[in-house]
Structures are given as structure tokens and as C-alpha cells.
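Asker: Pasting target-v6.txt here (compact mmCIF, N, CA and C atoms):
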# COMPACT_ATOMS: atom_id res chain seq x y z
N MET R 1 102.04 96.09 118.52
CA MET R 1 101.16 95.48 119.50
C MET R 1 100.24 94.45 118.84
N LEU R 2 99.70 94.80 117.68
CA LEU R 2 98.80 93.88 116.98
C LEU R 2 99.55 92.62 116.55
N ALA R 3 100.74 92.79 116.02
CA ALA R 3 101.54 91.63 115.60
C ALA R 3 101.83 90.73 116.80
N THR R 4 102.13 91.31 117.95
CA THR R 4 102.38 90.53 119.17
C THR R 4 101.15 89.72 119.54
N PHE R 5 99.98 90.34 119.49
CA PHE R 5 98.72 89.65 119.78
C PHE R 5 98.48 88.50 118.80
N LEU R 6 98.65 88.78 117.51
CA LEU R 6 98.39 87.75 116.50
C LEU R 6 99.34 86.56 116.64
N ILE R 7 100.61 86.85 116.86
CA ILE R 7 101.59 85.78 116.97
C ILE R 7 101.35 84.96 118.24
N ALA R 8 100.98 85.62 119.34
CA ALA R 8 100.76 84.92 120.60
C ALA R 8 99.48 84.08 120.58
N ARG R 9 98.41 84.61 119.99
CA ARG R 9 97.11 83.95 120.05
C ARG R 9 96.76 83.12 118.82
N HIS R 10 97.28 83.52 117.69
CA HIS R 10 96.92 82.88 116.42
C HIS R 10 98.21 82.55 115.69
N ARG R 11 98.86 81.53 116.13
CA ARG R 11 100.22 81.20 115.65
C ARG R 11 100.31 80.95 114.15
N ARG R 12 99.20 80.67 113.51
CA ARG R 12 99.26 80.40 112.08
C ARG R 12 99.08 81.65 111.23
N ILE R 13 98.88 82.82 111.85
CA ILE R 13 98.74 84.07 111.11
C ILE R 13 100.07 84.81 111.13
N PHE R 14 100.57 85.11 109.95
CA PHE R 14 101.83 85.83 109.81
C PHE R 14 101.52 87.27 109.41
N PRO R 15 101.71 88.23 110.34
CA PRO R 15 101.35 89.63 110.07
C PRO R 15 102.45 90.40 109.35
N LYS R 16 102.03 91.39 108.58
CA LYS R 16 102.98 92.26 107.86
C LYS R 16 102.38 93.66 107.79
N ARG R 17 103.16 94.66 108.17
CA ARG R 17 102.75 96.06 108.13
C ARG R 17 102.76 96.56 106.69
N ILE R 18 101.76 97.35 106.34
CA ILE R 18 101.66 97.94 105.00
C ILE R 18 102.01 99.42 105.11
N ASP R 19 102.87 99.91 104.23
CA ASP R 19 103.22 101.33 104.19
C ASP R 19 102.58 101.95 102.96
N GLU R 20 101.41 102.57 103.16
CA GLU R 20 100.66 103.13 102.03
C GLU R 20 101.39 104.28 101.36
N LYS R 21 102.39 104.85 102.02
CA LYS R 21 103.14 105.97 101.43
C LYS R 21 103.98 105.50 100.25
N LYS R 22 104.28 104.21 100.18
CA LYS R 22 105.09 103.68 99.08
C LYS R 22 104.24 103.29 97.87
N SER R 23 102.94 103.32 98.02
CA SER R 23 102.04 102.97 96.93
C SER R 23 101.96 104.14 95.94
N SER R 24 101.77 103.84 94.66
CA SER R 24 101.61 104.93 93.71
C SER R 24 100.31 105.66 94.03
N ASN R 25 100.33 106.97 93.87
CA ASN R 25 99.20 107.78 94.27
C ASN R 25 98.89 108.78 93.18
N SER R 26 97.80 108.57 92.48
CA SER R 26 97.41 109.51 91.43
C SER R 26 96.17 110.31 91.85
N HIS R 27 95.78 110.18 93.12
CA HIS R 27 94.56 110.84 93.59
C HIS R 27 94.82 111.99 94.54
N GLY R 28 96.04 112.48 94.60
CA GLY R 28 96.35 113.62 95.44
C GLY R 28 96.62 113.25 96.89
N LYS R 29 96.68 114.28 97.73
CA LYS R 29 96.97 114.09 99.15
C LYS R 29 95.93 113.16 99.79
N GLU R 30 96.40 112.20 100.55
CA GLU R 30 95.59 111.17 101.21
C GLU R 30 94.78 110.34 100.22
N GLY R 31 95.25 110.26 98.98
CA GLY R 31 94.55 109.47 97.97
C GLY R 31 94.58 107.98 98.24
N ASN R 32 95.53 107.53 99.05
CA ASN R 32 95.62 106.10 99.38
C ASN R 32 94.99 105.77 100.72
N LYS R 33 94.34 106.74 101.35
CA LYS R 33 93.82 106.56 102.70
C LYS R 33 92.92 105.33 102.83
N TRP R 34 92.11 105.06 101.84
CA TRP R 34 91.17 103.94 101.93
C TRP R 34 91.54 102.80 100.99
N LEU R 35 92.75 102.82 100.47
CA LEU R 35 93.17 101.76 99.55
C LEU R 35 93.85 100.58 100.24
N HIS R 36 94.56 100.85 101.33
CA HIS R 36 95.38 99.81 101.95
C HIS R 36 95.09 99.71 103.44
N PRO R 37 95.01 98.49 103.97
CA PRO R 37 94.89 98.35 105.43
C PRO R 37 96.23 98.67 106.08
N ASP R 38 96.22 98.83 107.39
CA ASP R 38 97.47 99.10 108.11
C ASP R 38 98.33 97.85 108.24
N MET R 39 97.67 96.70 108.33
CA MET R 39 98.40 95.45 108.47
C MET R 39 97.61 94.35 107.76
N VAL R 40 98.33 93.41 107.20
CA VAL R 40 97.71 92.23 106.60
C VAL R 40 98.24 90.99 107.31
N GLY R 41 97.52 89.92 107.17
CA GLY R 41 97.98 88.66 107.74
C GLY R 41 97.71 87.53 106.78
N LEU R 42 98.62 86.58 106.76
CA LEU R 42 98.47 85.37 105.96
C LEU R 42 98.34 84.21 106.94
N GLU R 43 97.21 83.54 106.89
CA GLU R 43 97.00 82.36 107.72
C GLU R 43 97.32 81.12 106.89
N ALA R 44 98.40 80.46 107.24
CA ALA R 44 98.84 79.27 106.49
C ALA R 44 98.03 78.06 106.96
N LEU R 45 97.10 77.62 106.14
CA LEU R 45 96.28 76.47 106.50
C LEU R 45 97.01 75.16 106.26
N ALA R 46 97.99 75.20 105.37
CA ALA R 46 98.69 73.98 104.98
C ALA R 46 100.00 73.79 105.73
N GLY R 47 100.21 74.55 106.79
CA GLY R 47 101.44 74.41 107.57
C GLY R 47 101.58 73.00 108.12
N GLY R 48 102.71 72.39 107.90
CA GLY R 48 102.94 71.03 108.38
C GLY R 48 102.46 69.95 107.42
N TRP R 49 101.83 70.34 106.33
CA TRP R 49 101.39 69.34 105.36
C TRP R 49 102.58 68.84 104.56
N SER R 50 102.53 67.61 104.15
CA SER R 50 103.58 67.06 103.29
C SER R 50 103.42 67.64 101.87
N TYR R 51 104.47 67.50 101.08
CA TYR R 51 104.44 67.98 99.70
C TYR R 51 103.28 67.31 98.95
N GLU R 52 103.11 66.02 99.15
CA GLU R 52 102.05 65.28 98.46
C GLU R 52 100.67 65.80 98.83
N MET R 53 100.49 66.09 100.11
CA MET R 53 99.19 66.59 100.57
C MET R 53 98.91 67.97 100.00
N LYS R 54 99.93 68.84 99.97
CA LYS R 54 99.76 70.17 99.39
C LYS R 54 99.43 70.07 97.89
N ASN R 55 100.10 69.18 97.21
CA ASN R 55 99.88 68.98 95.78
C ASN R 55 98.46 68.48 95.53
N LEU R 56 98.01 67.51 96.31
CA LEU R 56 96.66 66.98 96.17
C LEU R 56 95.63 68.07 96.48
N SER R 57 95.89 68.83 97.52
CA SER R 57 95.00 69.92 97.90
C SER R 57 94.88 70.94 96.78
N ALA R 58 96.00 71.30 96.17
CA ALA R 58 95.99 72.28 95.08
C ALA R 58 95.20 71.76 93.89
N LYS R 59 95.37 70.48 93.57
CA LYS R 59 94.64 69.90 92.43
C LYS R 59 93.14 69.81 92.70
N ALA R 60 92.77 69.65 93.97
CA ALA R 60 91.36 69.56 94.34
C ALA R 60 90.73 70.95 94.48
N GLY R 61 91.55 71.99 94.41
CA GLY R 61 91.04 73.35 94.52
C GLY R 61 90.81 73.81 95.95
N ALA R 62 91.37 73.10 96.91
CA ALA R 62 91.21 73.49 98.32
C ALA R 62 92.10 74.67 98.65
N ARG R 63 91.66 75.48 99.59
CA ARG R 63 92.45 76.63 100.02
C ARG R 63 93.61 76.19 100.89
N GLN R 64 94.75 76.82 100.70
CA GLN R 64 95.91 76.54 101.53
C GLN R 64 96.25 77.73 102.41
N ALA R 65 95.53 78.84 102.24
CA ALA R 65 95.78 80.03 103.05
C ALA R 65 94.52 80.90 103.09
N LYS R 66 94.44 81.73 104.14
CA LYS R 66 93.40 82.74 104.24
C LYS R 66 94.09 84.08 104.47
N LEU R 67 93.47 85.14 103.96
CA LEU R 67 94.03 86.48 104.07
C LEU R 67 93.22 87.31 105.07
N TRP R 68 93.94 88.05 105.90
CA TRP R 68 93.34 88.88 106.94
C TRP R 68 93.73 90.34 106.69
N SER R 69 92.84 91.27 107.01
CA SER R 69 93.07 92.69 106.87
C SER R 69 92.79 93.38 108.21
N PHE R 70 93.67 94.32 108.59
CA PHE R 70 93.52 95.01 109.87
C PHE R 70 93.67 96.52 109.67
N GLU R 71 92.67 97.26 110.08
CA GLU R 71 92.72 98.72 110.10
C GLU R 71 92.90 99.12 111.56
N VAL R 72 94.00 99.81 111.88
CA VAL R 72 94.37 100.08 113.27
C VAL R 72 94.15 101.56 113.61
N LYS R 73 93.47 101.80 114.73
CA LYS R 73 93.23 103.15 115.25
C LYS R 73 93.61 103.16 116.73
N VAL R 74 93.92 104.32 117.26
CA VAL R 74 94.18 104.44 118.69
C VAL R 74 92.85 104.47 119.43
N ASP R 75 91.94 105.35 119.02
CA ASP R 75 90.64 105.53 119.66
C ASP R 75 89.53 105.34 118.65
N ILE R 76 88.41 104.80 119.13
CA ILE R 76 87.19 104.77 118.32
C ILE R 76 86.09 105.45 119.13
N PRO R 77 85.93 106.77 118.93
CA PRO R 77 84.81 107.45 119.59
C PRO R 77 83.53 107.23 118.79
N ARG R 78 82.41 107.44 119.39
CA ARG R 78 81.12 107.24 118.73
C ARG R 78 81.03 108.07 117.45
N SER R 79 81.61 109.26 117.46
CA SER R 79 81.51 110.15 116.30
C SER R 79 82.29 109.66 115.08
N LYS R 80 83.22 108.72 115.26
CA LYS R 80 84.06 108.24 114.16
C LYS R 80 83.77 106.80 113.77
N VAL R 81 82.79 106.15 114.40
CA VAL R 81 82.53 104.73 114.16
C VAL R 81 82.33 104.42 112.69
N ARG R 82 81.43 105.12 112.05
CA ARG R 82 81.12 104.80 110.64
C ARG R 82 82.29 105.09 109.71
N GLU R 83 82.98 106.19 109.91
CA GLU R 83 84.13 106.49 109.07
C GLU R 83 85.18 105.39 109.18
N TYR R 84 85.55 105.04 110.41
CA TYR R 84 86.57 104.01 110.61
C TYR R 84 86.10 102.65 110.14
N TYR R 85 84.83 102.34 110.40
CA TYR R 85 84.31 101.03 110.01
C TYR R 85 84.31 100.88 108.48
N PHE R 86 83.83 101.89 107.79
CA PHE R 86 83.77 101.77 106.33
C PHE R 86 85.14 101.90 105.68
N GLN R 87 86.09 102.51 106.35
CA GLN R 87 87.47 102.45 105.89
C GLN R 87 87.95 101.00 105.97
N SER R 88 87.59 100.30 107.04
CA SER R 88 87.94 98.88 107.17
C SER R 88 87.26 98.04 106.10
N VAL R 89 86.00 98.32 105.83
CA VAL R 89 85.28 97.60 104.77
C VAL R 89 85.97 97.81 103.43
N SER R 90 86.29 99.05 103.12
CA SER R 90 86.94 99.38 101.86
C SER R 90 88.31 98.72 101.73
N ASN R 91 89.08 98.76 102.80
CA ASN R 91 90.44 98.23 102.77
C ASN R 91 90.52 96.71 102.80
N SER R 92 89.42 96.04 103.06
CA SER R 92 89.48 94.59 103.22
C SER R 92 88.62 93.83 102.21
N SER R 93 88.26 94.46 101.13
CA SER R 93 87.39 93.80 100.15
C SER R 93 87.99 92.53 99.57
N TRP R 94 89.30 92.39 99.59
CA TRP R 94 90.02 91.25 99.04
C TRP R 94 90.28 90.16 100.07
N ALA R 95 90.03 90.44 101.35
CA ALA R 95 90.44 89.54 102.44
C ALA R 95 89.33 88.56 102.83
N ASN R 96 89.73 87.44 103.41
CA ASN R 96 88.78 86.50 103.97
C ASN R 96 88.19 87.02 105.28
N TYR R 97 89.00 87.76 106.05
CA TYR R 97 88.57 88.34 107.32
C TYR R 97 89.06 89.79 107.39
N GLY R 98 88.21 90.68 107.86
CA GLY R 98 88.58 92.07 108.06
C GLY R 98 88.32 92.49 109.49
N TYR R 99 89.25 93.27 110.06
CA TYR R 99 89.12 93.72 111.44
C TYR R 99 89.43 95.20 111.57
N LEU R 100 88.68 95.86 112.46
CA LEU R 100 88.97 97.20 112.93
C LEU R 100 89.59 97.01 114.31
N VAL R 101 90.76 97.59 114.53
CA VAL R 101 91.54 97.36 115.75
C VAL R 101 91.78 98.69 116.45
N ALA R 102 91.61 98.71 117.79
CA ALA R 102 91.85 99.94 118.54
C ALA R 102 92.23 99.64 119.98
N VAL R 103 92.88 100.60 120.60
CA VAL R 103 93.22 100.51 122.01
C VAL R 103 92.01 100.96 122.84
N ASN R 104 91.43 102.09 122.49
CA ASN R 104 90.29 102.65 123.23
C ASN R 104 89.05 102.63 122.36
N ILE R 105 88.04 101.90 122.81
CA ILE R 105 86.76 101.85 122.10
C ILE R 105 85.69 102.30 123.10
N LYS R 106 85.03 103.38 122.79
CA LYS R 106 84.00 103.90 123.69
C LYS R 106 82.83 102.92 123.76
N ASP R 107 82.23 102.79 124.93
CA ASP R 107 81.12 101.86 125.13
C ASP R 107 79.96 102.14 124.19
N ASP R 108 79.66 103.42 123.97
CA ASP R 108 78.55 103.75 123.09
C ASP R 108 78.86 103.45 121.62
N ALA R 109 80.12 103.24 121.30
CA ALA R 109 80.51 102.87 119.93
C ALA R 109 80.32 101.37 119.69
N MET R 110 80.43 100.56 120.74
CA MET R 110 80.34 99.10 120.58
C MET R 110 79.00 98.64 120.04
N SER R 111 77.90 99.27 120.46
CA SER R 111 76.58 98.84 119.97
C SER R 111 76.47 99.06 118.46
N GLU R 112 76.98 100.18 117.99
CA GLU R 112 76.93 100.44 116.55
C GLU R 112 77.89 99.51 115.80
N LEU R 113 79.04 99.22 116.38
CA LEU R 113 79.98 98.28 115.75
C LEU R 113 79.36 96.89 115.63
N ARG R 114 78.59 96.47 116.62
CA ARG R 114 77.90 95.17 116.54
C ARG R 114 76.88 95.16 115.41
N LEU R 115 76.13 96.24 115.29
CA LEU R 115 75.13 96.35 114.23
C LEU R 115 75.81 96.33 112.85
N LEU R 116 76.88 97.09 112.70
CA LEU R 116 77.60 97.12 111.43
C LEU R 116 78.23 95.77 111.10
N ASN R 117 78.68 95.04 112.13
CA ASN R 117 79.22 93.70 111.91
C ASN R 117 78.16 92.77 111.33
N GLU R 118 76.94 92.88 111.81
CA GLU R 118 75.85 92.05 111.28
C GLU R 118 75.61 92.33 109.80
N LEU R 119 75.81 93.56 109.40
CA LEU R 119 75.57 93.95 108.01
C LEU R 119 76.75 93.69 107.09
N HIS R 120 77.98 93.91 107.58
CA HIS R 120 79.16 93.90 106.71
C HIS R 120 80.24 92.90 107.11
N GLY R 121 80.19 92.35 108.32
CA GLY R 121 81.10 91.29 108.71
C GLY R 121 82.47 91.67 109.23
N ILE R 122 82.77 92.95 109.34
CA ILE R 122 84.08 93.38 109.86
C ILE R 122 84.08 93.20 111.38
N GLY R 123 85.12 92.55 111.90
CA GLY R 123 85.23 92.32 113.33
C GLY R 123 85.96 93.45 114.04
N VAL R 124 86.02 93.33 115.37
CA VAL R 124 86.66 94.36 116.19
C VAL R 124 87.60 93.69 117.19
N ILE R 125 88.82 94.22 117.25
CA ILE R 125 89.83 93.76 118.22
C ILE R 125 90.18 94.93 119.12
N ARG R 126 90.16 94.68 120.44
CA ARG R 126 90.60 95.69 121.41
C ARG R 126 91.99 95.30 121.89
N LEU R 127 92.97 96.21 121.67
CA LEU R 127 94.35 95.96 122.07
C LEU R 127 94.63 96.56 123.44
N ASN R 128 95.39 95.84 124.25
CA ASN R 128 95.88 96.36 125.52
C ASN R 128 97.36 96.65 125.35
N PRO R 129 97.76 97.94 125.36
CA PRO R 129 99.17 98.27 125.09
C PRO R 129 100.14 97.76 126.15
N GLU R 130 99.68 97.58 127.40
CA GLU R 130 100.57 97.10 128.45
C GLU R 130 100.91 95.62 128.28
N ASN R 131 99.94 94.84 127.81
CA ASN R 131 100.14 93.40 127.66
C ASN R 131 99.35 92.91 126.44
N PRO R 132 99.83 93.22 125.23
CA PRO R 132 99.05 92.90 124.03
C PRO R 132 98.83 91.41 123.81
N ALA R 133 99.78 90.59 124.21
CA ALA R 133 99.66 89.15 123.96
C ALA R 133 98.55 88.51 124.80
N ASP R 134 98.45 88.91 126.08
CA ASP R 134 97.52 88.23 126.98
C ASP R 134 96.23 88.98 127.26
N ASP R 135 96.25 90.30 127.21
CA ASP R 135 95.08 91.08 127.62
C ASP R 135 94.32 91.72 126.48
N SER R 136 94.73 91.51 125.26
CA SER R 136 93.97 91.99 124.11
C SER R 136 92.94 90.93 123.76
N ALA R 137 91.88 91.34 123.04
CA ALA R 137 90.80 90.38 122.76
C ALA R 137 90.05 90.74 121.49
N ILE R 138 89.52 89.71 120.87
CA ILE R 138 88.59 89.91 119.76
C ILE R 138 87.23 90.17 120.40
N GLU R 139 86.76 91.40 120.29
CA GLU R 139 85.48 91.80 120.88
C GLU R 139 84.31 91.33 120.03
N ILE R 140 84.47 91.46 118.71
CA ILE R 140 83.45 91.04 117.75
C ILE R 140 84.17 90.24 116.67
N PRO R 141 83.87 88.95 116.53
CA PRO R 141 84.55 88.16 115.51
C PRO R 141 84.12 88.58 114.08
N ALA R 142 85.06 88.57 113.18
CA ALA R 142 84.77 88.87 111.77
C ALA R 142 84.07 87.68 111.14
N LYS R 143 83.29 87.96 110.14
CA LYS R 143 82.64 86.89 109.37
C LYS R 143 83.51 86.58 108.16
N GLU R 144 83.68 85.30 107.90
CA GLU R 144 84.52 84.89 106.78
C GLU R 144 83.81 85.22 105.46
N ARG R 145 84.64 85.74 104.52
CA ARG R 145 84.13 86.03 103.17
C ARG R 145 84.90 85.21 102.17
Go ahead and express the file in the form of C-alpha cells.
Answerer:
Amino acid sequence: MLATFLIARHRRIFPKRIDEKKSSNSHGKEGNKWLHPDMVGLEALAGGWSYEMKNLSAKAGARQAKLWSFEVKVDIPRSKVREYYFQSVSNSSWANYGYLVAVNIKDDAMSELRLLNELHGIGVIRLNPENPADDSAIEIPAKER
């Protein structure tokens, strides 16, 4: 559902699912829980650029891509906001944008998510499973890092 939303709304972001079970794990059961996001995205900024333009951009030190991180949950109840949010923070330390994504977000959780966004910059996406491309939305935009 998230990939459908990203492809439909943000055509320059190429999503890829991460399987944390394939990662080496020396920390025991659930040792990788906060190491990897559920999905990553590569936003190609240089799409459609000529070879010469890409070469000039690289020599000038300009960015040709941005990295996105997505932590996906089914529900975000008020009691789990901080756990899920800080899992997103931990999993996206390397990314330009980090998002916490869910189908069901309780209204009382949104106020705390807004506050945490001001402090840490992780955004929130609400997915609609019936029509992810058209009815899903970025509720709180992520801050670029």
C-alpha cells in the first residue's frame, strides 16, 4: 500500500521493502527491531538530466538523490506513540526524510505526533487500504535532514 501511494503521488521516489530477518543479528531475538526501517525510498533528483549535467553536478558536490525511511504500523494508539516514533527516529538516522506510516492513527495520538515532529522531524503518513494511491495522505510532513 505504501509503495502504491509513493509511486502514485511522488513519482521520483523508488520504494524498496527491507527484510530485517536477513540482516546479521548478534543481539539476540528482535535484536534488529530498531536497526532497519520497513521500507526505504530513493528520490532521484537527477532524473532526466544529461550525462554532462550529472557530471557537472557531481563535480560541484550537488546532491543527485535523497534517501527516505518509512516505519510502517497498522495502528498507532496513544499508548504506543513514543515507542513507534522513536523506532522511526532510530531507523532513519541516515535518511534525508523519515516517516512513521499507519492505517489507523488515533486522534489523541496526533497531537503528540505533532509535538514530536517539532522536536525530531519525523513525519506521519496515514494510509487508506481501500484506495492507497488517492486517499492516503501525508498528515505531518517530515523535516529534511
Asker: Within 12 Å of (87.4, 96.6, 115.7) (coordinates as in the file), grab all the protein and nucleic acid residues, counting only C-alpha atoms, and write them out as an mmCIF file with N, CA and C atoms, in the frame of the given file.
Answerer:
data_model
loop_
_atom_site.group_PDB
_atom_site.id
_atom_site.type_symbol
_atom_site.label_atom_id
_atom_site.label_comp_id
_atom_site.auth_asym_id
_atom_site.auth_seq_id
_atom_site.Cartn_x
_atom_site.Cartn_y
_atom_site.Cartn_z
ATOM 1 N N LEU R 2 99.700 94.800 117.680
ATOM 2 C CA LEU R 2 98.800 93.880 116.980
ATOM 3 C C LEU R 2 99.550 92.620 116.550
ATOM 4 N N SER R 69 92.840 91.270 107.010
ATOM 5 C CA SER R 69 93.070 92.690 106.870
ATOM 6 C C SER R 69 92.790 93.380 108.210
ATOM 7 N N PHE R 70 93.670 94.320 108.590
ATOM 8 C CA PHE R 70 93.520 95.010 109.870
ATOM 9 C C PHE R 70 93.670 96.520 109.670
ATOM 10 N N GLU R 71 92.670 97.260 110.080
ATOM 11 C CA GLU R 71 92.720 98.720 110.100
ATOM 12 C C GLU R 71 92.900 99.120 111.560
ATOM 13 N N VAL R 72 94.000 99.810 111.880
ATOM 14 C CA VAL R 72 94.370 100.080 113.270
ATOM 15 C C VAL R 72 94.150 101.560 113.610
ATOM 16 N N LYS R 73 93.470 101.800 114.730
ATOM 17 C CA LYS R 73 93.230 103.150 115.250
ATOM 18 C C LYS R 73 93.610 103.160 116.730
ATOM 19 N N VAL R 74 93.920 104.320 117.260
ATOM 20 C CA VAL R 74 94.180 104.440 118.690
ATOM 21 C C VAL R 74 92.850 104.470 119.430
ATOM 22 N N ASP R 75 91.940 105.350 119.020
ATOM 23 C CA ASP R 75 90.640 105.530 119.660
ATOM 24 C C ASP R 75 89.530 105.340 118.650
ATOM 25 N N ILE R 76 88.410 104.800 119.130
ATOM 26 C CA ILE R 76 87.190 104.770 118.320
ATOM 27 C C ILE R 76 86.090 105.450 119.130
ATOM 28 N N PRO R 77 85.930 106.770 118.930
ATOM 29 C CA PRO R 77 84.810 107.450 119.590
ATOM 30 C C PRO R 77 83.530 107.230 118.790
ATOM 31 N N VAL R 81 82.790 106.150 114.400
ATOM 32 C CA VAL R 81 82.530 104.730 114.160
ATOM 33 C C VAL R 81 82.330 104.420 112.690
ATOM 34 N N ARG R 82 81.430 105.120 112.050
ATOM 35 C CA ARG R 82 81.120 104.800 110.640
ATOM 36 C C ARG R 82 82.290 105.090 109.710
ATOM 37 N N TYR R 84 85.550 105.040 110.410
ATOM 38 C CA TYR R 84 86.570 104.010 110.610
ATOM 39 C C TYR R 84 86.100 102.650 110.140
ATOM 40 N N TYR R 85 84.830 102.340 110.400
ATOM 41 C CA TYR R 85 84.310 101.030 110.010
ATOM 42 C C TYR R 85 84.310 100.880 108.480
ATOM 43 N N PHE R 86 83.830 101.890 107.790
ATOM 44 C CA PHE R 86 83.770 101.770 106.330
ATOM 45 C C PHE R 86 85.140 101.900 105.680
ATOM 46 N N GLN R 87 86.090 102.510 106.350
ATOM 47 C CA GLN R 87 87.470 102.450 105.890
ATOM 48 C C GLN R 87 87.950 101.000 105.970
ATOM 49 N N SER R 88 87.590 100.300 107.040
ATOM 50 C CA SER R 88 87.940 98.880 107.170
ATOM 51 C C SER R 88 87.260 98.040 106.100
ATOM 52 N N VAL R 89 86.000 98.320 105.830
ATOM 53 C CA VAL R 89 85.280 97.600 104.770
ATOM 54 C C VAL R 89 85.970 97.810 103.430
ATOM 55 N N TYR R 97 89.000 87.760 106.050
ATOM 56 C CA TYR R 97 88.570 88.340 107.320
ATOM 57 C C TYR R 97 89.060 89.790 107.390
ATOM 58 N N GLY R 98 88.210 90.680 107.860
ATOM 59 C CA GLY R 98 88.580 92.070 108.060
ATOM 60 C C GLY R 98 88.320 92.490 109.490
ATOM 61 N N TYR R 99 89.250 93.270 110.060
ATOM 62 C CA TYR R 99 89.120 93.720 111.440
ATOM 63 C C TYR R 99 89.430 95.200 111.570
ATOM 64 N N LEU R 100 88.680 95.860 112.460
ATOM 65 C CA LEU R 100 88.970 97.200 112.930
ATOM 66 C C LEU R 100 89.590 97.010 114.310
ATOM 67 N N VAL R 101 90.760 97.590 114.530
ATOM 68 C CA VAL R 101 91.540 97.360 115.750
ATOM 69 C C VAL R 101 91.780 98.690 116.450
ATOM 70 N N ALA R 102 91.610 98.710 117.790
ATOM 71 C CA ALA R 102 91.850 99.940 118.540
ATOM 72 C C ALA R 102 92.230 99.640 119.980
ATOM 73 N N VAL R 103 92.880 100.600 120.600
ATOM 74 C CA VAL R 103 93.220 100.510 122.010
ATOM 75 C C VAL R 103 92.010 100.960 122.840
ATOM 76 N N ASN R 104 91.430 102.090 122.490
ATOM 77 C CA ASN R 104 90.290 102.650 123.230
ATOM 78 C C ASN R 104 89.050 102.630 122.360
ATOM 79 N N ILE R 105 88.040 101.900 122.810
ATOM 80 C CA ILE R 105 86.760 101.850 122.100
ATOM 81 C C ILE R 105 85.690 102.300 123.100
ATOM 82 N N LYS R 106 85.030 103.380 122.790
ATOM 83 C CA LYS R 106 84.000 103.900 123.690
ATOM 84 C C LYS R 106 82.830 102.920 123.760
ATOM 85 N N ALA R 109 80.120 103.240 121.300
ATOM 86 C CA ALA R 109 80.510 102.870 119.930
ATOM 87 C C ALA R 109 80.320 101.370 119.690
ATOM 88 N N MET R 110 80.430 100.560 120.740
ATOM 89 C CA MET R 110 80.340 99.100 120.580
ATOM 90 C C MET R 110 79.000 98.640 120.040
ATOM 91 N N SER R 111 77.900 99.270 120.460
ATOM 92 C CA SER R 111 76.580 98.840 119.970
ATOM 93 C C SER R 111 76.470 99.060 118.460
ATOM 94 N N GLU R 112 76.980 100.180 117.990
ATOM 95 C CA GLU R 112 76.930 100.440 116.550
ATOM 96 C C GLU R 112 77.890 99.510 115.800
ATOM 97 N N LEU R 113 79.040 99.220 116.380
ATOM 98 C CA LEU R 113 79.980 98.280 115.750
ATOM 99 C C LEU R 113 79.360 96.890 115.630
ATOM 100 N N ARG R 114 78.590 96.470 116.620
ATOM 101 C CA ARG R 114 77.900 95.170 116.540
ATOM 102 C C ARG R 114 76.880 95.160 115.410
ATOM 103 N N LEU R 116 76.880 97.090 112.700
ATOM 104 C CA LEU R 116 77.600 97.120 111.430
ATOM 105 C C LEU R 116 78.230 95.770 111.100
ATOM 106 N N ASN R 117 78.680 95.040 112.130
ATOM 107 C CA ASN R 117 79.220 93.700 111.910
ATOM 108 C C ASN R 117 78.160 92.770 111.330
ATOM 109 N N GLY R 121 80.190 92.350 108.320
ATOM 110 C CA GLY R 121 81.100 91.290 108.710
ATOM 111 C C GLY R 121 82.470 91.670 109.230
ATOM 112 N N ILE R 122 82.770 92.950 109.340
ATOM 113 C CA ILE R 122 84.080 93.380 109.860
ATOM 114 C C ILE R 122 84.080 93.200 111.380
ATOM 115 N N GLY R 123 85.120 92.550 111.900
ATOM 116 C CA GLY R 123 85.230 92.320 113.330
ATOM 117 C C GLY R 123 85.960 93.450 114.040
ATOM 118 N N VAL R 124 86.020 93.330 115.370
ATOM 119 C CA VAL R 124 86.660 94.360 116.190
ATOM 120 C C VAL R 124 87.600 93.690 117.190
ATOM 121 N N ILE R 125 88.820 94.220 117.250
ATOM 122 C CA ILE R 125 89.830 93.760 118.220
ATOM 123 C C ILE R 125 90.180 94.930 119.120
ATOM 124 N N ARG R 126 90.160 94.680 120.440
ATOM 125 C CA ARG R 126 90.600 95.690 121.410
ATOM 126 C C ARG R 126 91.990 95.300 121.890
ATOM 127 N N LEU R 127 92.970 96.210 121.670
ATOM 128 C CA LEU R 127 94.350 95.960 122.070
ATOM 129 C C LEU R 127 94.630 96.560 123.440
ATOM 130 N N SER R 136 94.730 91.510 125.260
ATOM 131 C CA SER R 136 93.970 91.990 124.110
ATOM 132 C C SER R 136 92.940 90.930 123.760
ATOM 133 N N ALA R 137 91.880 91.340 123.040
ATOM 134 C CA ALA R 137 90.800 90.380 122.760
ATOM 135 C C ALA R 137 90.050 90.740 121.490
ATOM 136 N N ILE R 138 89.520 89.710 120.870
ATOM 137 C CA ILE R 138 88.590 89.910 119.760
ATOM 138 C C ILE R 138 87.230 90.170 120.400
ATOM 139 N N GLU R 139 86.760 91.400 120.290
ATOM 140 C CA GLU R 139 85.480 91.800 120.880
ATOM 141 C C GLU R 139 84.310 91.330 120.030
ATOM 142 N N ILE R 140 84.470 91.460 118.710
ATOM 143 C CA ILE R 140 83.450 91.040 117.750
ATOM 144 C C ILE R 140 84.170 90.240 116.670
ATOM 145 N N PRO R 141 83.870 88.950 116.530
ATOM 146 C CA PRO R 141 84.550 88.160 115.510
ATOM 147 C C PRO R 141 84.120 88.580 114.080
ATOM 148 N N ALA R 142 85.060 88.570 113.180
ATOM 149 C CA ALA R 142 84.770 88.870 111.770
ATOM 150 C C ALA R 142 84.070 87.680 111.140
#
Asker: If we count all atoms listed in the file and set the cut-off at 6.5 Å, which residues sit around Ile13 in chain R, ignoring sequence neighbours fewer than 4 positions away in its own chain? Please answer as a ChimeraX atom specification.
Answerer: /R:6-7,41-44
Asker: Next, dump the selected residues to file, keeping only N, CA and C atoms, as a CSV table (one decimal), in the coordinates of the input.
Answerer:
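Dumped everything to again-v4.csv:
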chain,number,residue,atom,x,y,z
R,6,LEU,N,98.6,88.8,117.5
R,6,LEU,CA,98.4,87.8,116.5
R,6,LEU,C,99.3,86.6,116.6
R,7,ILE,N,100.6,86.8,116.9
R,7,ILE,CA,101.6,85.8,117.0
R,7,ILE,C,101.4,85.0,118.2
R,41,GLY,N,97.5,89.9,107.2
R,41,GLY,CA,98.0,88.7,107.7
R,41,GLY,C,97.7,87.5,106.8
R,42,LEU,N,98.6,86.6,106.8
R,42,LEU,CA,98.5,85.4,106.0
R,42,LEU,C,98.3,84.2,106.9
R,43,GLU,N,97.2,83.5,106.9
R,43,GLU,CA,97.0,82.4,107.7
R,43,GLU,C,97.3,81.1,106.9
R,44,ALA,N,98.4,80.5,107.2
R,44,ALA,CA,98.8,79.3,106.5
R,44,ALA,C,98.0,78.1,107.0
Asker: Which distance in Å separates atom N of Glu130 in chain R and atom N of Val40 in chain R, to one decimal?
Answerer: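 Separation of atom N of Glu130 in chain R and atom N of Val40 in chain R: 20.7 Å.
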Asker: Could you pull out the strand (DSSP E or B) residues of range 47-106 of chain R, going by DSSP on the backbone, and write them as a list of chain:residue names?
Answerer: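 The residues of range 47-106 of chain R classed as strand (DSSP E or B) are R:Ala65, R:Lys66, R:Leu67, R:Trp68, R:Ser69, R:Phe70, R:Glu71, R:Val72, R:Lys73, R:Val74, R:Asp75, R:Ile76, R:Tyr97, R:Gly98, R:Tyr99, R:Leu100, R:Val101, R:Ala102, R:Val103, R:Asn104, R:Ile105.
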